[in-house]
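**Q** The following file, structure.cif, comprises mmCIF, C-alpha atoms and all ligand atoms:
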data_coords
loop_
_atom_site.label_atom_id
_atom_site.label_comp_id
_atom_site.auth_asym_id
_atom_site.auth_seq_id
_atom_site.Cartn_x
_atom_site.Cartn_y
_atom_site.Cartn_z
CA MET A 6 11.16 13.68 1.03
CA LYS A 7 9.58 14.37 4.44
CA VAL A 8 5.93 13.37 4.58
CA LEU A 9 3.38 14.30 7.22
CA ILE A 10 0.22 12.16 7.17
CA VAL A 11 -2.70 13.85 8.91
CA TYR A 12 -5.06 11.01 9.66
CA ALA A 13 -8.65 11.41 10.84
CA HIS A 14 -10.33 8.12 11.75
CA GLU A 15 -11.20 6.78 15.17
CA ASN A 16 -10.77 3.08 14.35
CA PRO A 17 -7.32 1.73 13.44
CA ALA A 18 -9.05 -1.31 11.84
CA SER A 19 -11.05 0.91 9.46
CA PHE A 20 -10.38 1.17 5.75
CA ASN A 21 -8.93 4.63 6.39
CA GLY A 22 -6.58 2.97 8.88
CA ALA A 23 -5.55 0.46 6.22
CA MET A 24 -4.92 3.26 3.72
CA LYS A 25 -2.85 5.19 6.26
CA ASP A 26 -0.81 2.06 7.07
CA THR A 27 -0.31 1.41 3.33
CA ALA A 28 0.98 4.94 2.79
CA VAL A 29 3.39 4.68 5.74
CA GLU A 30 4.68 1.34 4.44
CA VAL A 31 5.14 2.47 0.81
CA LEU A 32 6.71 5.84 1.62
CA THR A 33 9.06 4.37 4.21
CA ALA A 34 10.12 1.61 1.77
CA GLN A 35 10.87 4.34 -0.79
CA GLY A 36 13.25 5.93 1.73
CA HIS A 37 11.07 8.89 2.69
CA GLU A 38 10.75 10.10 6.29
CA VAL A 39 7.18 9.84 7.58
CA GLN A 40 5.38 11.33 10.57
CA VAL A 41 1.70 10.68 11.35
CA SER A 42 -0.63 13.06 13.16
CA ASP A 43 -3.30 10.61 14.37
CA LEU A 44 -5.87 13.21 15.38
CA TYR A 45 -8.29 10.98 17.32
CA ALA A 46 -5.44 9.17 19.12
CA GLN A 47 -3.93 12.54 20.02
CA GLY A 48 -7.31 13.75 21.31
CA PHE A 49 -6.87 16.78 19.06
CA ASN A 50 -9.27 19.56 20.04
CA PRO A 51 -10.87 20.78 16.80
CA VAL A 52 -12.42 23.94 18.21
CA GLY A 53 -10.46 27.11 17.52
CA GLY A 54 -10.58 29.74 20.27
CA LYS A 55 -8.71 31.59 23.01
CA HIS A 56 -7.21 28.34 24.28
CA ASP A 57 -5.09 28.32 21.08
CA PHE A 58 -2.87 30.92 22.74
CA THR A 59 -0.82 30.89 25.94
CA GLU A 60 -1.52 34.61 26.26
CA LEU A 61 -3.71 37.12 24.47
CA SER A 62 -2.41 40.20 22.70
CA GLY A 63 -4.32 42.61 24.90
CA ALA A 64 -6.20 44.15 21.98
CA GLU A 65 -9.39 45.88 23.07
CA PHE A 66 -11.46 43.91 20.54
CA TYR A 67 -10.86 40.14 20.53
CA LYS A 68 -10.54 38.69 17.04
CA TYR A 69 -9.38 35.10 16.51
CA GLN A 70 -7.39 35.72 13.31
CA ALA A 71 -5.66 38.77 14.82
CA GLU A 72 -4.69 36.68 17.87
CA GLN A 73 -3.25 34.04 15.51
CA VAL A 74 -1.06 36.70 13.88
CA ALA A 75 0.02 38.03 17.30
CA ALA A 76 0.79 34.53 18.61
CA GLY A 77 2.95 33.84 15.57
CA ARG A 78 4.96 36.98 16.30
CA SER A 79 5.36 36.32 20.02
CA GLY A 80 5.66 32.52 19.90
CA THR A 81 2.61 32.07 22.09
CA PHE A 82 0.62 29.34 20.36
CA ALA A 83 -0.63 26.59 22.67
CA THR A 84 1.56 23.50 22.57
CA ASP A 85 -0.92 21.34 20.62
CA VAL A 86 -1.15 23.91 17.81
CA GLN A 87 2.58 24.62 17.80
CA ALA A 88 3.42 20.90 17.63
CA GLU A 89 1.32 20.52 14.46
CA MET A 90 2.83 23.68 12.96
CA ASP A 91 6.32 22.31 13.62
CA LYS A 92 5.44 19.09 11.77
CA LEU A 93 4.06 21.13 8.88
CA VAL A 94 7.23 23.23 8.67
CA TRP A 95 9.24 19.97 8.64
CA ALA A 96 7.18 18.36 5.85
CA ASP A 97 7.69 18.57 2.09
CA LEU A 98 4.39 16.75 1.44
CA VAL A 99 1.27 16.63 3.61
CA LEU A 100 -1.08 13.73 2.99
CA PHE A 101 -4.59 14.04 4.42
CA GLN A 102 -6.35 10.72 5.06
CA PHE A 103 -10.04 10.95 5.96
CA PRO A 104 -13.57 9.67 5.36
CA LEU A 105 -15.80 12.11 3.47
CA TRP A 106 -18.35 13.55 5.87
CA TRP A 107 -21.14 15.65 4.32
CA PHE A 108 -19.00 16.14 1.22
CA HIS A 109 -16.32 17.73 3.41
CA LEU A 110 -13.79 17.11 6.16
CA PRO A 111 -14.68 15.34 9.42
CA ALA A 112 -14.86 18.02 12.13
CA ILE A 113 -11.64 16.91 13.82
CA LEU A 114 -9.71 17.53 10.60
CA LYS A 115 -11.58 20.72 9.75
CA GLY A 116 -10.54 21.95 13.20
CA TRP A 117 -6.92 21.04 12.48
CA MET A 118 -7.15 23.28 9.41
CA ASP A 119 -8.78 26.12 11.41
CA ARG A 120 -6.21 26.06 14.19
CA VAL A 121 -2.97 24.98 12.49
CA LEU A 122 -3.25 26.81 9.16
CA ALA A 123 -3.29 30.02 11.13
CA SER A 124 -3.34 33.56 9.83
CA GLY A 125 0.22 34.86 9.76
CA PHE A 126 1.60 31.31 9.68
CA ALA A 127 -0.04 29.81 6.57
CA TYR A 128 -1.43 32.91 4.84
CA GLY A 129 -2.03 36.59 5.36
CA ASN A 130 -0.85 40.07 4.53
CA GLY A 131 -1.53 39.51 0.84
CA GLN A 132 0.18 36.13 0.84
CA MET A 133 -2.24 33.54 -0.44
CA PHE A 134 -2.74 31.05 -3.28
CA ASP A 135 0.52 30.80 -5.28
CA ARG A 136 2.03 33.36 -2.87
CA GLY A 137 0.74 31.61 0.27
CA LYS A 138 3.17 31.10 3.12
CA LEU A 139 3.33 27.33 2.60
CA ALA A 140 4.41 27.71 -1.05
CA GLY A 141 7.05 25.15 -1.99
CA LYS A 142 5.29 22.34 -0.12
CA ARG A 143 2.84 19.85 -1.60
CA ALA A 144 -0.38 18.30 -0.33
CA ALA A 145 -2.69 15.46 -1.31
CA CYS A 146 -6.04 14.11 -0.12
CA ALA A 147 -6.89 10.42 0.17
CA ILE A 148 -10.49 9.75 1.08
CA THR A 149 -13.05 7.05 1.56
CA THR A 150 -16.73 7.49 0.82
CA GLY A 151 -19.96 5.79 1.76
CA GLY A 152 -21.44 6.50 -1.66
CA PRO A 153 -20.41 4.68 -4.84
CA ALA A 154 -17.95 6.05 -7.40
CA ALA A 155 -20.90 7.19 -9.56
CA PHE A 156 -21.61 9.88 -6.92
CA TYR A 157 -18.14 11.31 -7.55
CA PRO A 158 -17.45 11.59 -11.29
CA ASP A 159 -14.93 14.39 -10.63
CA LEU A 160 -13.41 13.97 -7.18
CA ALA A 161 -11.17 17.04 -7.55
CA GLU A 162 -14.32 19.10 -8.12
CA THR A 163 -16.08 17.55 -5.10
CA LEU A 164 -13.07 18.32 -2.94
CA LYS A 165 -12.53 21.82 -4.37
CA PRO A 166 -13.55 23.65 -1.17
CA ILE A 167 -10.78 21.71 0.60
CA MET A 168 -8.15 21.47 -2.14
CA PHE A 169 -8.55 24.97 -3.58
CA GLY A 170 -10.22 26.88 -0.74
CA ILE A 171 -7.94 25.65 2.04
CA LEU A 172 -4.81 23.88 0.78
CA TYR A 173 -4.01 25.95 -2.32
CA PHE A 174 -5.08 29.10 -0.47
CA THR A 175 -2.10 28.58 1.86
CA GLY A 176 0.28 28.09 -1.07
CA LEU A 177 0.41 24.30 -1.05
CA GLN A 178 0.68 22.66 -4.45
CA VAL A 179 -2.18 20.19 -4.54
CA LEU A 180 -1.76 16.75 -6.11
CA PRO A 181 -4.68 14.80 -7.63
CA PRO A 182 -6.83 13.12 -4.96
CA PHE A 183 -7.47 9.41 -4.44
CA GLY A 184 -10.89 8.03 -3.56
CA ALA A 185 -11.74 4.59 -2.22
CA HIS A 186 -15.47 4.36 -2.80
CA ALA A 187 -17.89 2.49 -0.56
CA PRO A 188 -15.37 0.12 1.05
CA ALA A 189 -17.97 -0.93 3.62
CA GLN A 190 -20.25 -2.28 0.85
CA ALA A 191 -17.47 -3.91 -1.15
CA ASP A 192 -16.43 -7.56 -1.02
CA ASP A 193 -12.97 -8.60 0.15
CA ALA A 194 -11.55 -8.87 -3.36
CA THR A 195 -12.71 -5.35 -4.25
CA ARG A 196 -11.27 -3.95 -1.02
CA THR A 197 -7.97 -5.70 -1.68
CA GLN A 198 -7.92 -4.19 -5.18
CA MET A 199 -8.70 -0.72 -3.82
CA LEU A 200 -5.73 -0.97 -1.47
CA ALA A 201 -3.51 -2.17 -4.33
CA ASP A 202 -4.66 0.82 -6.40
CA TYR A 203 -3.89 3.09 -3.47
CA ARG A 204 -0.44 1.51 -3.09
CA ALA A 205 0.28 2.35 -6.75
CA HIS A 206 -1.05 5.89 -6.22
CA VAL A 207 1.26 6.47 -3.23
CA GLU A 208 4.22 5.03 -5.14
CA GLN A 209 4.00 7.85 -7.69
CA LEU A 210 3.23 10.69 -5.26
CA ALA A 211 6.82 11.94 -5.08
CA SER A 212 6.81 12.66 -8.82
CA ALA A 213 3.10 13.51 -9.29
CA GLU A 214 2.21 16.73 -11.11
CA PRO A 215 0.12 19.20 -9.09
CA LEU A 216 -3.25 20.42 -10.29
CA GLN A 217 -3.12 23.72 -12.14
CA TYR A 218 -5.03 26.38 -10.21
CA PRO A 219 -4.98 30.05 -11.25
CA THR A 220 -2.33 32.31 -9.77
CA MET A 221 -3.18 35.51 -7.91
CA ALA A 222 -2.17 37.47 -11.00
CA GLU A 223 -4.46 35.34 -13.18
CA MET A 224 -7.29 36.00 -10.72
CA GLY A 225 -6.68 39.72 -11.10
CA MET A 226 -5.31 40.09 -7.59
CA GLY A 227 -2.13 41.96 -8.40
C1 LIG B 1 -21.26 12.25 9.70
C2 LIG B 1 -21.06 11.44 8.46
C3 LIG B 1 -21.19 12.03 7.23
C4 LIG B 1 -20.97 11.30 6.07
N1 LIG B 1 -21.08 11.94 4.86
C5 LIG B 1 -20.84 11.26 3.71
C6 LIG B 1 -20.88 11.93 2.46
O1 LIG B 1 -21.10 13.14 2.35
N2 LIG B 1 -20.66 11.19 1.34
C7 LIG B 1 -20.39 9.85 1.41
O2 LIG B 1 -20.18 9.23 0.35
N3 LIG B 1 -20.32 9.20 2.58
C8 LIG B 1 -20.52 9.86 3.74
N4 LIG B 1 -20.41 9.24 4.95
C9 LIG B 1 -19.97 7.82 4.97
C10 LIG B 1 -18.47 7.70 5.20
O3 LIG B 1 -17.75 8.47 4.25
C11 LIG B 1 -18.01 6.25 5.09
O4 LIG B 1 -18.67 5.51 6.12
C12 LIG B 1 -16.51 6.08 5.24
O5 LIG B 1 -15.86 6.81 4.24
C13 LIG B 1 -16.11 4.62 5.10
O6 LIG B 1 -14.72 4.50 5.40
P1 LIG B 1 -14.22 3.76 6.73
O7 LIG B 1 -12.74 3.80 6.79
O8 LIG B 1 -14.95 4.30 7.92
O9 LIG B 1 -14.72 2.29 6.39
P2 LIG B 1 -14.92 1.06 7.36
O10 LIG B 1 -16.38 0.84 7.52
O11 LIG B 1 -14.11 1.20 8.60
O12 LIG B 1 -14.23 -0.07 6.51
C14 LIG B 1 -14.91 -0.76 5.49
C15 LIG B 1 -14.48 -2.18 5.52
O13 LIG B 1 -13.09 -2.29 5.18
C16 LIG B 1 -12.54 -3.34 5.95
N5 LIG B 1 -11.08 -3.27 6.00
C17 LIG B 1 -10.29 -2.62 6.89
N6 LIG B 1 -9.00 -2.84 6.63
C18 LIG B 1 -8.95 -3.61 5.53
C19 LIG B 1 -7.88 -4.18 4.77
N7 LIG B 1 -6.60 -3.98 5.10
N8 LIG B 1 -8.19 -4.92 3.68
C20 LIG B 1 -9.49 -5.13 3.32
N9 LIG B 1 -10.53 -4.65 4.04
C21 LIG B 1 -10.27 -3.88 5.12
C22 LIG B 1 -13.22 -3.15 7.31
O14 LIG B 1 -13.12 -4.33 8.07
C23 LIG B 1 -14.62 -2.84 6.89
O15 LIG B 1 -15.39 -4.02 6.73
C24 LIG B 1 -20.62 9.93 6.13
C25 LIG B 1 -20.48 9.33 7.39
C26 LIG B 1 -20.67 10.07 8.53
C27 LIG B 1 -20.48 9.42 9.88
#
Would it be possible to restate this file's structure as structure tokens?
Ligand SMILES: Cc1cc2nc3c(=O)[nH]c(=O)nc-3n(C[C@H](O)[C@H](O)[C@H](O)COP(=O)(O)OP(=O)(O)OC[C@H]3O[C@@H](n4cnc5c(N)ncnc54)[C@H](O)[C@@H]3O)c2cc1C

**A**
Amino acid sequence: MKVLIVYAHENPASFNGAMKDTAVEVLTAQGHEVQVSDLYAQGFNPVGGKHDFTELSGAEFYKYQAEQVAAGRSGTFATDVQAEMDKLVWADLVLFQFPLWWFHLPAILKGWMDRVLASGFAYGNGQMFDRGKLAGKRAACAITTGGPAAFYPDLAETLKPIMFGILYFTGLQVLPPFGAHAPAQADDATRTQMLADYRAHVEQLASAEPLQYPTMAEMGMG
């Protein structure tokens, strides 16, 4: 299995850094190929705009999504976007590692979604959800929180805007998420246990069953 880890934390010594390192170690030991997109280290620009393209389509009315479609056809995505798309095409499983910010993605990772999961590349022209362009690949989220576990009785529900609204929308099969809650408040033994739990979670990722979201047909969309 080819695994892309998209990692969004500034500090390699953070708990997110430890989780990312754990995943790399476990997956590599299992014989999988692993690439890491370390967004802060790469200086990834999270703001989608005209700089995403090496040339514009020339349409009279500028529209970002339409330019994404045109760039996909003409091979004119900027190199930073294209490099991430190439990794995504390569991957069988994409693992997103991030701290929860305002119950959502940190901006640098939200921007990766905006720019890399482009119209025409990841979805579009009626291709979404189970018919999305990334169908056949799998994705999983691994997060840390500041709040305790009691804030998050159903993590898949908390992360639904990400897991359903973004990842499944593009056709990715979404695996159950993993949450490490309040690592900054925990003692060393608890943090060590959380990493051991995460190690066990990563060990079963290759065979994990995806969450069951409705198909386009079940949603009455043809
Ligand atoms: C803008 C913003 C919005 C936020 N919104 C939310 C929100 O909506 N909900 C919410 O719950 N929280 C929220 N938070 C808090 C945030 O989610 C947490 O601060 C973050 O998830 C903690 O993870 P970390 O990796 O940064 O932890 P860190 O603080 O980096 O790490 C915690 C501890 O783990 C230790 N550690 C590192 N490696 C290891 C190791 N190998 N073994 C043992 N210990 C280790 C570190 O030394 C550190 O002491 C928000 C924060 C910000 C900045």

**Q** Find the residues near ligand LIG 1 (chain B). Use a cut-off of 6 Å, count only C-alpha atoms and all ligand atoms, and write them as JSON, numbers by chain.

**A** {"A": [18, 19, 20, 21, 23, 104, 105, 106, 107, 108, 149, 150, 151, 152, 188, 189, 193, 196, 197]}

**Q** Find, counting only C-alpha atoms, the residue in A:Gln178, A:Gln198, A:Gln35, A:Gln102 that gets nearest to Ala213 of chain A.

**A**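 Smallest separation from Ala213 of chain A among the options: A:Gln178.
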
**Q** Might you pull out every residue within 7 Å of segment 217-221 of chain A, with all atoms listed in the file counted and same-chain residues fewer than 3 positions away left off, and present them as a ChimeraX atom specification?

**A** /A:134-135,224-227

**Q** Using C-alpha atoms, can you export the residues from the last selection as a compact mmCIF listing (two decimals), in the coordinates of the input?

**A**
# COMPACT_ATOMS: atom_id res chain seq x y z
CA PHE A 134 -2.74 31.05 -3.28
CA ASP A 135 0.52 30.80 -5.28
CA MET A 224 -7.29 36.00 -10.72
CA GLY A 225 -6.68 39.72 -11.10
CA MET A 226 -5.31 40.09 -7.59
CA GLY A 227 -2.13 41.96 -8.40

**Q** Between atom CA of Ala83 of chain A and atom CA of Leu44 of chain A, what distance in Å does the model show, to one decimal?

**A**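 Separation between atom CA of Ala83 of chain A and atom CA of Leu44 of chain A: 16.1 Å.
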
**Q** Which residue is closest to Val8 of chain A? Choose from A:Leu139, A:Leu93, A:Met199, A:Val179 and count only C-alpha atoms.

**A**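 Ranked by minimum distance to Val8 of chain A, first place goes to A:Leu93.
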
**Q** Which distance in Å separates atom CA of Val94 of chain A and atom CA of Lys142 of chain A, to one decimal?

**A** 9.0 Å

**Q** Would you list the residues near (14.4, 9.4, 4.0) (no more than 7 Å away, in the coordinates of the file, using all atoms listed in the file) as an MDAnalysis selection string?

**A** chainID A and resid 6:7 36:38

**Q** For the atom pair atom CA of Val41 of chain A and atom CA of Met168 of chain A, what is the interatomic distance in Å to one decimal place?

**A**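 Computing it gives 19.9 Å between the two atoms.
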
**Q** For segment 114-124 of chain A, please output as a list of chain:residue names all residues within 7 Å (counting all atoms listed in the file; exclusion window: fewer than 2 positions along the same chain).

**A** A:Ala13, A:Pro51, A:Val52, A:Gly53, A:Gln70, A:Gln73, A:Val74, A:Val86, A:Glu89, A:Met90, A:Leu110, A:Pro111, A:Ala112, A:Phe126, A:Ala127, A:Tyr128, A:Gly129

**Q** From the set A:Val207, A:Ala194, A:Leu61, A:Ala201, which residue has the shortest atom-to-atom contact distance to Phe82 of chain A, counting only C-alpha atoms?

**A**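 Selected residue with least distance to Phe82 of chain A: A:Leu61.
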
**Q** Which polymer residues, protein or nucleic acid, are no farther than 6 Å from (-9.1, 8.0, 1.0), counting all atoms listed in the file, as a PyMOL selection string?

**A** chain A and resi 102-103+147-149+183-185

**Q** Residues within 8 Å of Ile10 of chain A, please, as a VMD selection string. Count only C-alpha atoms; anything in the same chain fewer than 5 positions from it doesn't count.

**A** chain A and resid 25 39 to 42 99 to 102

**Q** Using C-alpha atoms, can you write the selected residues to a file as a PDB file, in the coordinates of the input?

**A**
ATOM      1  CA  LYS A  25      -2.850   5.190   6.260  1.00  0.00           C
ATOM      2  CA  VAL A  39       7.180   9.840   7.580  1.00  0.00           C
ATOM      3  CA  GLN A  40       5.380  11.330  10.570  1.00  0.00           C
ATOM      4  CA  VAL A  41       1.700  10.680  11.350  1.00  0.00           C
ATOM      5  CA  SER A  42      -0.630  13.060  13.160  1.00  0.00           C
ATOM      6  CA  VAL A  99       1.270  16.630   3.610  1.00  0.00           C
ATOM      7  CA  LEU A 100      -1.080  13.730   2.990  1.00  0.00           C
ATOM      8  CA  PHE A 101      -4.590  14.040   4.420  1.00  0.00           C
ATOM      9  CA  GLN A 102      -6.350  10.720   5.060  1.00  0.00           C
TER      10      GLN A 102
END

**Q** Of the residues A:Asp159, A:Asp85, A:Glu72, A:Asp97, which is the one nearest to Gly48 of chain A, using all atoms listed in the file?

**A**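 Under the stated criterion, the closest residue is A:Asp85.
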
**Q** Under the rule that only C-alpha atoms are counted, which of A:Ile113, A:Leu180, A:Val11, A:Leu160 is the nearest residue to Asn50 of chain A?

**A**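 Under the stated criterion, the closest residue is A:Ile113.
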
**Q** Counting only C-alpha atoms, which residue out of A:Phe156, A:Tyr12, A:Phe66, A:Trp95 sits closest to Phe49 of chain A?

**A**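 Going through A:Phe156, A:Tyr12, A:Phe66, A:Trp95 one by one, the smallest distance to Phe49 of chain A is for A:Tyr12.
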
**Q** Can you sort out the box for segment 187-191 of chain A, edges along x, y and z, all listed atoms in, 4 Å on every side, with centre and edge lengths in Å to one decimal, as AutoDock Vina command-line options?

**A**
--center_x -17.8 --center_y -0.7 --center_z 1.2 --size_x 12.9 --size_y 14.4 --size_z 12.8

**Q** Take segment 187-211 of chain A, model N, CA, C and O atoms, and hand the result over as a tab-separated table (two decimals), keeping the file's coordinate frame.

**A**
chain	number	residue	atom	x	y	z
A	187	ALA	N	-17.01	3.47	-1.20
A	187	ALA	CA	-17.89	2.49	-0.56
A	187	ALA	C	-17.17	1.21	-0.12
A	187	ALA	O	-17.63	0.11	-0.42
A	188	PRO	N	-16.07	1.33	0.62
A	188	PRO	CA	-15.37	0.12	1.05
A	188	PRO	C	-16.24	-0.76	1.96
A	188	PRO	O	-16.07	-1.99	1.96
A	189	ALA	N	-17.16	-0.14	2.69
A	189	ALA	CA	-17.97	-0.93	3.62
A	189	ALA	C	-18.95	-1.85	2.88
A	189	ALA	O	-19.36	-2.89	3.41
A	190	GLN	N	-19.31	-1.46	1.64
A	190	GLN	CA	-20.25	-2.28	0.85
A	190	GLN	C	-19.51	-3.27	-0.05
A	190	GLN	O	-20.13	-4.17	-0.63
A	191	ALA	N	-18.22	-3.10	-0.19
A	191	ALA	CA	-17.47	-3.91	-1.15
A	191	ALA	C	-17.15	-5.29	-0.58
A	191	ALA	O	-17.12	-5.48	0.64
A	192	ASP	N	-16.89	-6.25	-1.50
A	192	ASP	CA	-16.43	-7.56	-1.02
A	192	ASP	C	-14.91	-7.52	-0.80
A	192	ASP	O	-14.26	-6.54	-1.15
A	193	ASP	N	-14.39	-8.60	-0.23
A	193	ASP	CA	-12.97	-8.60	0.15
A	193	ASP	C	-12.06	-8.37	-1.04
A	193	ASP	O	-11.07	-7.63	-0.95
A	194	ALA	N	-12.41	-9.00	-2.18
A	194	ALA	CA	-11.55	-8.87	-3.36
A	194	ALA	C	-11.50	-7.41	-3.84
A	194	ALA	O	-10.44	-6.91	-4.21
A	195	THR	N	-12.65	-6.75	-3.81
A	195	THR	CA	-12.71	-5.35	-4.25
A	195	THR	C	-11.91	-4.47	-3.30
A	195	THR	O	-11.17	-3.57	-3.72
A	196	ARG	N	-12.04	-4.76	-1.99
A	196	ARG	CA	-11.27	-3.95	-1.02
A	196	ARG	C	-9.77	-4.17	-1.21
A	196	ARG	O	-8.98	-3.23	-1.13
A	197	THR	N	-9.39	-5.41	-1.46
A	197	THR	CA	-7.97	-5.70	-1.68
A	197	THR	C	-7.46	-4.95	-2.91
A	197	THR	O	-6.36	-4.38	-2.90
A	198	GLN	N	-8.30	-4.91	-3.96
A	198	GLN	CA	-7.92	-4.19	-5.18
A	198	GLN	C	-7.82	-2.69	-4.92
A	198	GLN	O	-6.90	-2.02	-5.42
A	199	MET	N	-8.75	-2.16	-4.13
A	199	MET	CA	-8.70	-0.72	-3.82
A	199	MET	C	-7.40	-0.37	-3.09
A	199	MET	O	-6.78	0.65	-3.36
A	200	LEU	N	-6.98	-1.24	-2.19
A	200	LEU	CA	-5.73	-0.97	-1.47
A	200	LEU	C	-4.53	-1.10	-2.40
A	200	LEU	O	-3.56	-0.34	-2.28
A	201	ALA	N	-4.60	-2.04	-3.35
A	201	ALA	CA	-3.51	-2.17	-4.33
A	201	ALA	C	-3.45	-0.92	-5.21
A	201	ALA	O	-2.35	-0.41	-5.51
A	202	ASP	N	-4.62	-0.42	-5.60
A	202	ASP	CA	-4.66	0.82	-6.40
A	202	ASP	C	-4.08	1.98	-5.59
A	202	ASP	O	-3.37	2.84	-6.12
A	203	TYR	N	-4.40	2.00	-4.30
A	203	TYR	CA	-3.89	3.09	-3.47
A	203	TYR	C	-2.36	2.97	-3.31
A	203	TYR	O	-1.64	3.98	-3.36
A	204	ARG	N	-1.89	1.74	-3.18
A	204	ARG	CA	-0.44	1.51	-3.09
A	204	ARG	C	0.25	2.11	-4.33
A	204	ARG	O	1.24	2.83	-4.22
A	205	ALA	N	-0.30	1.83	-5.50
A	205	ALA	CA	0.28	2.35	-6.75
A	205	ALA	C	0.21	3.88	-6.78
A	205	ALA	O	1.13	4.55	-7.25
A	206	HIS	N	-0.89	4.43	-6.27
A	206	HIS	CA	-1.05	5.89	-6.22
A	206	HIS	C	0.04	6.50	-5.33
A	206	HIS	O	0.68	7.49	-5.71
A	207	VAL	N	0.26	5.91	-4.16
A	207	VAL	CA	1.26	6.47	-3.23
A	207	VAL	C	2.66	6.34	-3.82
A	207	VAL	O	3.50	7.23	-3.66
A	208	GLU	N	2.89	5.25	-4.54
A	208	GLU	CA	4.22	5.03	-5.14
A	208	GLU	C	4.63	6.15	-6.09
A	208	GLU	O	5.81	6.44	-6.23
A	209	GLN	N	3.64	6.79	-6.72
A	209	GLN	CA	4.00	7.85	-7.69
A	209	GLN	C	3.83	9.26	-7.11
A	209	GLN	O	4.02	10.25	-7.82
A	210	LEU	N	3.51	9.37	-5.83
A	210	LEU	CA	3.23	10.69	-5.26
A	210	LEU	C	4.43	11.63	-5.35
A	210	LEU	O	4.28	12.83	-5.61
A	211	ALA	N	5.62	11.09	-5.12
A	211	ALA	CA	6.82	11.94	-5.08
A	211	ALA	C	7.04	12.66	-6.41
A	211	ALA	O	7.59	13.76	-6.44
